[in-house]
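Source file: upload.txt (compact mmCIF, C-alpha atoms and all ligand atoms)
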# COMPACT_ATOMS: atom_id res chain seq x y z
CA MET A 1 0.00 0.00 0.00
CA LYS A 2 1.21 3.49 -0.75
CA ASP A 3 2.50 5.53 2.16
CA VAL A 4 0.16 8.56 2.15
CA ARG A 5 2.66 10.67 4.09
CA GLU A 6 5.05 10.48 1.17
CA ASP A 7 2.59 12.28 -1.07
CA SER A 8 2.58 15.28 1.22
CA TYR A 9 6.11 16.19 0.08
CA GLN A 10 6.35 18.15 -3.15
CA LEU A 11 9.52 17.88 -5.20
CA SER A 12 9.67 21.01 -7.33
CA SER A 13 11.67 21.17 -10.57
CA LYS A 14 14.03 23.64 -8.92
CA ASN A 15 14.76 21.28 -6.00
CA PHE A 16 15.02 18.29 -8.33
CA LYS A 17 17.65 20.12 -10.37
CA PHE A 18 19.53 21.18 -7.23
CA ILE A 19 19.57 17.57 -5.97
CA CYS A 20 20.68 16.18 -9.35
CA ASP A 21 23.57 18.66 -9.39
CA TYR A 22 24.48 17.76 -5.81
CA VAL A 23 24.51 14.03 -6.67
CA TYR A 24 26.66 14.69 -9.70
CA ASP A 25 29.15 16.81 -7.75
CA SER A 26 29.30 14.33 -4.88
CA ALA A 27 29.41 10.99 -6.65
CA GLY A 28 29.53 11.65 -10.41
CA ILE A 29 26.15 9.96 -10.70
CA VAL A 30 23.93 11.33 -13.44
CA LEU A 31 20.23 11.37 -12.58
CA GLY A 32 17.66 12.27 -15.20
CA GLU A 33 13.89 12.61 -15.23
CA ALA A 34 13.61 8.79 -15.36
CA LYS A 35 15.12 8.57 -11.86
CA ARG A 36 12.77 11.13 -10.33
CA GLU A 37 10.51 8.51 -8.68
CA MET A 38 13.47 6.64 -7.21
CA LEU A 39 15.01 9.85 -5.90
CA TYR A 40 11.68 10.97 -4.46
CA ARG A 41 11.15 7.65 -2.62
CA ARG A 42 14.64 7.53 -1.15
CA LEU A 43 14.81 11.16 -0.11
CA THR A 44 11.35 11.34 1.45
CA ARG A 45 12.67 8.64 3.79
CA VAL A 46 15.65 10.84 4.67
CA ILE A 47 13.40 13.89 5.10
CA ARG A 48 11.22 11.98 7.55
CA GLU A 49 14.26 10.68 9.45
CA ARG A 50 15.59 14.22 9.63
CA LYS A 51 12.12 15.39 10.81
CA LEU A 52 12.07 18.09 8.16
CA PRO A 53 8.84 19.58 6.78
CA SER A 54 9.67 19.70 3.06
CA PHE A 55 12.13 19.26 0.18
CA ASP A 56 12.79 23.00 0.46
CA ALA A 57 13.99 22.50 4.02
CA TYR A 58 16.10 19.49 2.99
CA CYS A 59 17.72 21.37 0.12
CA ASP A 60 18.48 24.23 2.52
CA LEU A 61 20.16 21.73 4.84
CA LEU A 62 22.25 20.37 1.96
CA ARG A 63 23.21 23.92 1.02
CA SER A 64 24.10 24.99 4.56
CA GLN A 65 25.86 21.76 5.67
CA PRO A 66 26.98 20.10 2.48
CA GLU A 67 29.85 18.15 4.05
CA GLN A 68 28.01 16.86 7.13
CA GLU A 69 25.06 15.70 5.07
CA ARG A 70 26.97 14.28 2.15
CA THR A 71 27.70 10.78 3.51
CA TYR A 72 24.13 10.25 4.64
CA PHE A 73 22.81 11.57 1.35
CA ILE A 74 25.12 9.40 -0.76
CA ASN A 75 24.26 6.31 1.27
CA ALA A 76 20.58 7.02 0.62
CA ILE A 77 20.80 7.48 -3.13
CA THR A 78 23.33 4.83 -4.22
CA THR A 79 22.02 1.62 -5.75
CA ASN A 80 23.81 -1.27 -4.09
CA LEU A 81 22.32 -4.29 -5.85
CA THR A 82 24.80 -7.15 -5.97
CA SER A 83 25.07 -10.89 -5.35
CA PHE A 84 27.63 -13.67 -4.91
CA TYR A 85 29.13 -14.74 -8.25
CA ARG A 86 27.13 -12.12 -10.12
CA GLU A 87 28.15 -12.47 -13.76
CA GLN A 88 29.71 -15.83 -13.01
CA HIS A 89 31.62 -15.88 -16.31
CA HIS A 90 34.15 -13.40 -14.86
CA PHE A 91 35.02 -15.73 -11.99
CA ASP A 92 35.14 -18.72 -14.36
CA TYR A 93 37.54 -16.83 -16.62
CA LEU A 94 39.81 -16.03 -13.69
CA ALA A 95 39.78 -19.61 -12.38
CA LYS A 96 40.26 -21.26 -15.79
CA HIS A 97 42.53 -18.84 -17.63
CA GLU A 98 43.89 -15.89 -15.69
CA PHE A 99 44.91 -17.29 -12.34
CA PRO A 100 46.82 -20.29 -13.75
CA LYS A 101 48.56 -17.82 -16.07
CA LEU A 102 49.44 -15.46 -13.18
CA LEU A 103 50.91 -18.35 -11.20
CA ASN A 104 53.48 -18.56 -13.93
CA LYS A 105 53.75 -14.91 -14.94
CA ASN A 106 54.22 -13.57 -11.39
CA SER A 107 56.34 -16.44 -10.10
CA ASP A 108 59.35 -14.12 -9.59
CA SER A 109 57.59 -11.35 -7.67
CA LYS A 110 55.13 -13.78 -6.03
CA ARG A 111 52.77 -10.82 -5.86
CA ILE A 112 49.10 -10.62 -6.88
CA ARG A 113 46.90 -7.52 -6.52
CA LEU A 114 43.17 -7.49 -7.23
CA TRP A 115 40.74 -4.60 -6.81
CA SER A 116 36.97 -4.64 -6.52
CA SER A 117 36.38 -0.93 -7.03
CA ALA A 118 32.63 -0.70 -6.32
CA SER A 119 32.32 -3.55 -3.89
CA SER A 120 28.91 -2.74 -2.41
CA THR A 121 27.98 -5.10 0.46
CA GLY A 122 30.93 -7.43 -0.20
CA GLU A 123 29.52 -10.26 -2.30
CA GLU A 124 31.78 -9.34 -5.24
CA PRO A 125 35.11 -9.19 -3.34
CA TYR A 126 34.24 -12.34 -1.36
CA SER A 127 33.46 -14.23 -4.58
CA LEU A 128 36.81 -12.99 -5.85
CA GLY A 129 38.43 -14.00 -2.55
CA ILE A 130 37.04 -17.53 -2.75
CA THR A 131 38.14 -17.91 -6.38
CA THR A 132 41.58 -16.63 -5.41
CA HIS A 133 41.81 -18.98 -2.46
CA GLN A 134 40.83 -21.95 -4.62
CA SER A 135 43.42 -21.12 -7.28
CA PHE A 136 46.33 -20.07 -5.10
CA ALA A 137 45.84 -22.31 -2.05
CA PRO A 138 49.13 -24.21 -2.46
CA VAL A 139 51.23 -21.02 -2.61
CA LEU A 140 49.22 -18.71 -0.33
CA SER A 141 51.70 -18.80 2.52
CA GLN A 142 54.66 -17.92 0.28
CA TRP A 143 53.01 -15.39 -2.03
CA ASP A 144 51.93 -11.82 -1.32
CA ILE A 145 48.28 -11.87 -2.43
CA LYS A 146 45.90 -9.03 -1.61
CA ILE A 147 42.43 -7.95 -2.64
CA LEU A 148 41.37 -4.35 -2.19
CA ALA A 149 37.62 -3.69 -1.95
CA THR A 150 36.32 -0.12 -2.04
CA ASP A 151 33.04 1.74 -2.26
CA ILE A 152 31.80 5.28 -1.71
CA ASP A 153 28.95 4.17 0.58
CA SER A 154 29.98 3.75 4.22
CA ASN A 155 26.88 1.68 5.11
CA VAL A 156 27.52 -1.03 2.53
CA LEU A 157 31.20 -1.12 3.48
CA ALA A 158 30.27 -1.79 7.11
CA THR A 159 28.17 -4.77 6.00
CA ALA A 160 30.95 -5.93 3.70
CA LYS A 161 33.58 -5.80 6.44
CA GLU A 162 31.42 -7.89 8.69
CA GLY A 163 31.02 -10.63 6.05
CA VAL A 164 27.78 -11.89 7.57
CA TYR A 165 24.86 -12.71 5.27
CA THR A 166 21.42 -14.26 5.59
CA ALA A 167 21.60 -17.86 4.41
CA ASN A 168 19.36 -17.21 1.39
CA ARG A 169 22.07 -14.96 -0.11
CA VAL A 170 24.32 -18.00 -0.59
CA GLU A 171 21.65 -20.48 -1.71
CA GLY A 172 22.76 -20.44 -5.36
CA ILE A 173 26.36 -21.29 -4.49
CA SER A 174 27.55 -24.90 -4.78
CA GLN A 175 27.35 -26.97 -1.59
CA SER A 176 31.08 -27.62 -1.56
CA ILE A 177 31.88 -23.89 -1.64
CA GLN A 178 29.24 -23.17 1.00
CA GLN A 179 30.71 -25.81 3.27
CA LYS A 180 34.28 -24.73 2.78
CA TYR A 181 33.98 -20.95 2.79
CA PHE A 182 30.89 -20.07 4.86
CA LYS A 183 30.45 -20.77 8.53
CA LYS A 184 26.88 -21.33 9.71
CA GLY A 185 25.70 -19.24 12.62
CA THR A 186 24.33 -20.77 15.78
CA GLY A 187 21.61 -19.78 18.24
CA ALA A 188 20.17 -16.37 17.37
CA ASN A 189 22.37 -16.36 14.24
CA GLU A 190 21.28 -19.70 12.85
CA THR A 191 19.75 -18.09 9.74
CA LYS A 192 23.07 -16.44 8.96
CA VAL A 193 26.41 -17.43 7.49
CA ARG A 194 29.82 -15.81 7.82
CA VAL A 195 32.63 -15.84 5.27
CA THR A 196 35.54 -17.81 6.70
CA ASP A 197 38.67 -16.08 7.99
CA GLU A 198 40.91 -17.60 5.31
CA VAL A 199 39.00 -15.60 2.68
CA ARG A 200 38.39 -12.52 4.83
CA SER A 201 42.09 -12.20 5.56
CA LEU A 202 42.83 -11.72 1.85
CA ILE A 203 40.62 -8.62 1.61
CA THR A 204 41.01 -5.04 2.83
CA PHE A 205 37.94 -2.79 2.73
CA LYS A 206 38.26 0.98 2.32
CA GLN A 207 36.01 3.88 1.52
CA LEU A 208 36.89 5.43 -1.83
CA ASN A 209 35.04 7.80 -4.12
CA LEU A 210 35.97 6.92 -7.70
CA LEU A 211 35.78 10.61 -8.61
CA HIS A 212 38.43 11.63 -6.10
CA GLU A 213 42.06 10.69 -5.52
CA TRP A 214 42.73 6.96 -5.35
CA PRO A 215 45.09 6.27 -2.45
CA VAL A 216 45.76 2.76 -3.75
CA LYS A 217 48.94 1.00 -4.69
CA GLY A 218 49.14 -0.76 -8.03
CA PRO A 219 49.92 -2.27 -10.31
CA PHE A 220 46.83 -4.48 -10.25
CA ASP A 221 46.55 -7.78 -12.06
CA VAL A 222 42.75 -7.58 -12.19
CA ILE A 223 40.35 -4.70 -11.55
CA PHE A 224 36.61 -5.14 -11.20
CA CYS A 225 34.64 -2.03 -12.13
CA ARG A 226 31.22 -3.56 -12.52
CA ASN A 227 27.80 -2.00 -12.60
CA VAL A 228 28.94 1.40 -11.42
CA ILE A 229 30.04 3.38 -14.48
CA ILE A 230 26.50 3.18 -15.89
CA TYR A 231 25.65 5.87 -13.34
CA PHE A 232 28.33 8.24 -14.70
CA ASP A 233 28.39 10.40 -17.81
CA LYS A 234 30.62 9.58 -20.78
CA ALA A 235 33.35 12.07 -19.87
CA THR A 236 33.62 10.70 -16.32
CA GLN A 237 33.68 7.14 -17.67
CA GLN A 238 36.53 7.90 -20.07
CA ASP A 239 38.47 9.61 -17.32
CA LEU A 240 38.03 6.57 -15.07
CA PHE A 241 39.13 4.15 -17.81
CA ALA A 242 42.32 6.16 -18.27
CA ARG A 243 43.01 5.91 -14.55
CA TYR A 244 42.28 2.17 -14.42
CA TYR A 245 44.56 1.69 -17.40
CA GLU A 246 47.43 3.43 -15.59
CA LEU A 247 46.98 1.25 -12.52
CA LEU A 248 46.80 -2.05 -14.38
CA ALA A 249 49.90 -4.16 -14.81
CA PRO A 250 50.81 -4.85 -18.45
CA GLY A 251 48.53 -7.74 -19.41
CA GLY A 252 46.17 -6.90 -16.52
CA LEU A 253 42.40 -7.31 -16.80
CA LEU A 254 39.55 -4.85 -16.43
CA MET A 255 36.11 -6.38 -15.84
CA LEU A 256 33.00 -4.31 -16.56
CA GLY A 257 29.33 -4.98 -15.81
CA HIS A 258 27.02 -6.72 -18.29
CA SER A 259 25.56 -3.52 -19.78
CA GLU A 260 28.78 -1.51 -19.76
CA ASN A 261 31.43 -0.88 -22.39
CA LEU A 262 34.68 1.04 -22.79
CA GLY A 263 33.37 3.35 -25.50
CA GLU A 264 36.24 5.25 -27.13
CA TYR A 265 38.71 3.67 -24.71
CA GLN A 266 38.16 0.23 -26.25
CA ARG A 267 41.06 0.85 -28.65
CA TYR A 268 43.57 0.74 -25.77
CA PHE A 269 42.42 -2.69 -24.59
CA GLU A 270 42.00 -6.12 -26.09
CA ASN A 271 38.54 -7.65 -25.63
CA VAL A 272 39.29 -11.19 -24.40
CA GLY A 273 35.85 -12.28 -23.18
CA ARG A 274 32.37 -11.01 -22.38
CA THR A 275 33.02 -7.59 -20.75
CA ILE A 276 36.63 -8.67 -20.04
CA PHE A 277 39.34 -6.31 -21.31
CA ARG A 278 43.09 -6.81 -21.27
CA LYS A 279 45.70 -4.06 -21.18
CA PRO A 280 48.30 -5.06 -23.78
CA GLU A 281 51.58 -6.52 -22.47
C1 LIG B 301 25.03 -1.64 -8.32
S1 LIG B 301 26.35 -1.67 -7.16
C2 LIG B 301 27.47 -2.81 -7.96
C3 LIG B 301 28.16 -3.73 -7.00
C4 LIG B 301 29.09 -4.77 -7.64
N1 LIG B 301 30.19 -4.14 -8.32
C5 LIG B 301 28.34 -5.67 -8.57
O1 LIG B 301 28.47 -5.57 -9.79
O2 LIG B 301 27.58 -6.53 -8.08
C6 LIG B 301 27.12 -0.07 -7.44
C7 LIG B 301 28.02 0.36 -6.31
O3 LIG B 301 28.75 1.51 -6.76
C8 LIG B 301 28.92 2.37 -5.66
N2 LIG B 301 29.23 3.74 -6.13
C9 LIG B 301 28.40 4.65 -6.70
N3 LIG B 301 29.05 5.79 -6.98
C10 LIG B 301 30.34 5.61 -6.57
C11 LIG B 301 31.51 6.44 -6.58
N4 LIG B 301 31.48 7.68 -7.06
N5 LIG B 301 32.65 5.92 -6.07
C12 LIG B 301 32.68 4.64 -5.58
N6 LIG B 301 31.62 3.82 -5.54
C13 LIG B 301 30.46 4.30 -6.04
C14 LIG B 301 27.59 2.27 -4.91
O4 LIG B 301 27.71 2.69 -3.57
C15 LIG B 301 27.27 0.79 -5.07
O5 LIG B 301 27.66 0.04 -3.95
Just give me the structure as structure tokens.
Amino acid sequence: MKDVREDSYQLSSKNFKFICDYVYDSAGIVLGEAKREMLYRRLTRVIRERKLPSFDAYCDLLRSQPEQERTYFINAITTNLTSFYREQHHFDYLAKHEFPKLLNKNSDSKRIRLWSSASSTGEEPYSLGITTHQSFAPVLSQWDIKILATDIDSNVLATAKEGVYTANRVEGISQSIQQKYFKKGTGANETKVRVTDEVRSLITFKQLNLLHEWPVKGPFDVIFCRNVIIYFDKATQQDLFARYYELLAPGGLLMLGHSENLGEYQRYFENVGRTIFRKPE
């Protein structure tokens, strides 16, 4: 049933434009008329939580305290949809082709760096962590293997760090992986599972806005940038691709989401699989 209180808030064109500009400046996310309903729903929730009377009052708050409000605002408007092994073909490619190759290629440095750059609630970096653990298990203690997982949204990062999920989130995963890499909760937590320490210890979670400086240390062998650039405009996308390119090791891979492409930047990469792009050696 529709919440009647929501209808009492009016979102004027002027406020809608102000909010769209604020989103763009804060997170690079482009919102058009098609996203008006979504924005309205999410922000009326914030307005109620803030006990404000109107969108006018909320926009005034954003204007007067842009920094204090920004985190809360960004957390409210980001879309965090994700799942374990989403776009499974990326993990299959790593397990079948890339990781065996890296075992050979990086055998001198014994160093592997992977980055999940819009990690949301953690399902993506943990799927990557499990795949990494499976492929590198025999050398893990001698090699320096690290996965960086970052996101702009501090709420999803907190969930990700915890690594605790309701059991239905892992239902689609094979029984053998569930048994090996997820620990079942007990007592009050019996409907939950927790990613095991051997996988958790491979991953570091950090807050990072893709539009700002990236305090990260490359070169990376694989970068996941999936289902995030669709929210950015073309110029921002191209700028990000140039930065990913710089941070990738020669021969490194960039993975995009199913509906994303490199646009003009395609000519600098080799397309080696579905939404899998290799920086030339
Ligand atoms: C739809 S989720 C995708 C999650 C995962 N990569 C996947 O494909 O399943 C998009 C994520 O991008 C994050 N995001 C949006 N704008 C961002 C920005 N400017 N910098 C970093 N992360 C951002 C959101 O917080 C959200 O968690």
Practice problem: Residues up to 8 Å from ligand LIG 301 (chain B), counting all atoms listed in the file: could you list those as number ranges by chain? | Solution: A: 26-29, 74-75, 78-84, 86-87, 116-121, 123-124, 150-153, 156, 207-211, 224-229, 231, 257
Quiz item: Got a sec: who's within 8 Å of Phe220 (chain A), counting only C-alpha atoms, leaving out chain neighbours fewer than 2 positions off, as a list in words?
Solution: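 My list of contacting residues is Ile112, Arg113, Leu114, Trp115, Gly218, Val222, Ile223, Leu247, Leu248, Ala249 and Gly252 of chain A.
Compared by their closest atoms to Pro100 (chain A), and using only C-alpha atoms, the residues A:Asn261, A:Ser135, A:Gln10, A:Thr236 rank with A:Ser135 nearest.
The shortest atom-to-atom distance to Tyr93 (chain A), with all atoms listed in the file taken into account, belongs to A:Thr275 out of A:Val193, A:Phe73, A:Tyr265, A:Thr275.
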Quiz prompt | Spatial neighbours of Leu52 (chain A), max dist 12 Å, all atoms listed in the file, sep filter under 6 positions, as number ranges by chain | solution = A: 9, 43-46, 58-61
Practice problem: Compare A:Phe99, A:Phe18, A:Tyr126, A:Phe55 by their minimum atom-to-atom distance to Ile177 (chain A), counting all atoms listed in the file, and give me the closest one. | Solution: A:Tyr126
Quiz item: What lies within 12 Å of Glu171 (chain A) using all atoms listed in the file, ignoring chain neighbours under 2 positions off, as a PyMOL selection string?
Solution: chain A and resi 83-85+165-169+173-179+182+191-193
Writer output for current selection, C-alpha atoms, as a short mmCIF file (atom, residue, chain, number, x, y, z; two decimals), in the frame of the given file:
data_model
loop_
_atom_site.label_atom_id
_atom_site.label_comp_id
_atom_site.auth_asym_id
_atom_site.auth_seq_id
_atom_site.Cartn_x
_atom_site.Cartn_y
_atom_site.Cartn_z
CA SER A 83 25.07 -10.89 -5.35
CA PHE A 84 27.63 -13.67 -4.91
CA TYR A 85 29.13 -14.74 -8.25
CA TYR A 165 24.86 -12.71 5.27
CA THR A 166 21.42 -14.26 5.59
CA ALA A 167 21.60 -17.86 4.41
CA ASN A 168 19.36 -17.21 1.39
CA ARG A 169 22.07 -14.96 -0.11
CA ILE A 173 26.36 -21.29 -4.49
CA SER A 174 27.55 -24.90 -4.78
CA GLN A 175 27.35 -26.97 -1.59
CA SER A 176 31.08 -27.62 -1.56
CA ILE A 177 31.88 -23.89 -1.64
CA GLN A 178 29.24 -23.17 1.00
CA GLN A 179 30.71 -25.81 3.27
CA PHE A 182 30.89 -20.07 4.86
CA THR A 191 19.75 -18.09 9.74
CA LYS A 192 23.07 -16.44 8.96
CA VAL A 193 26.41 -17.43 7.49
#
Self-check item: Nearest candidate to Asp108 (chain A) (options A:Asp144, A:Glu33, A:Glu281, A:Asp92; using all atoms listed in the file)
Solution: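 Between A:Asp144, A:Glu33, A:Glu281, A:Asp92, the residue approaching Asp108 (chain A) most closely is A:Asp144.
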Quiz prompt | Pick from A:His89, A:Lys35, A:His133, A:Arg200 nearest to Glu162 (chain A), counting only C-alpha atoms | solution = A:Arg200
Quiz item: With all atoms listed in the file as the basis for distance, which of A:Lys206, A:Gln134, A:Pro125, A:Lys110 is at the shortest distance from Lys96 (chain A)?
Solution: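 Closest to Lys96 (chain A) of all the choices is A:Gln134.
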Quiz item: What does the distance from CA of Thr159 (chain A) to CA of Tyr40 (chain A) come to in Å, to one decimal?
Solution: 25.1 Å
Exercise. Quick one: everything within 12 Å of Ala34 (chain A), counting all atoms listed in the file, minus sequence neighbours fewer than 5 positions away in the same chain. Send it as a VMD selection string.
Key: chain A and resid 16 20 39 to 40
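The coordinates place CA of Pro215 (chain A) at 28.7 Å from CA of Arg194 (chain A).
CA of Phe91 (chain A) lies 19.5 Å from CA of Val139 (chain A).
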Find the axis-aligned box for region 210-226 of chain A, covering all its listed atoms and adding 4 Å on each side, and write its centre and edge lengths in Å to one decimal as JSON.
{"center_x": 40.6, "center_y": 1.9, "center_z": -7.5, "size_x": 26.7, "size_y": 27.4, "size_z": 18.1}
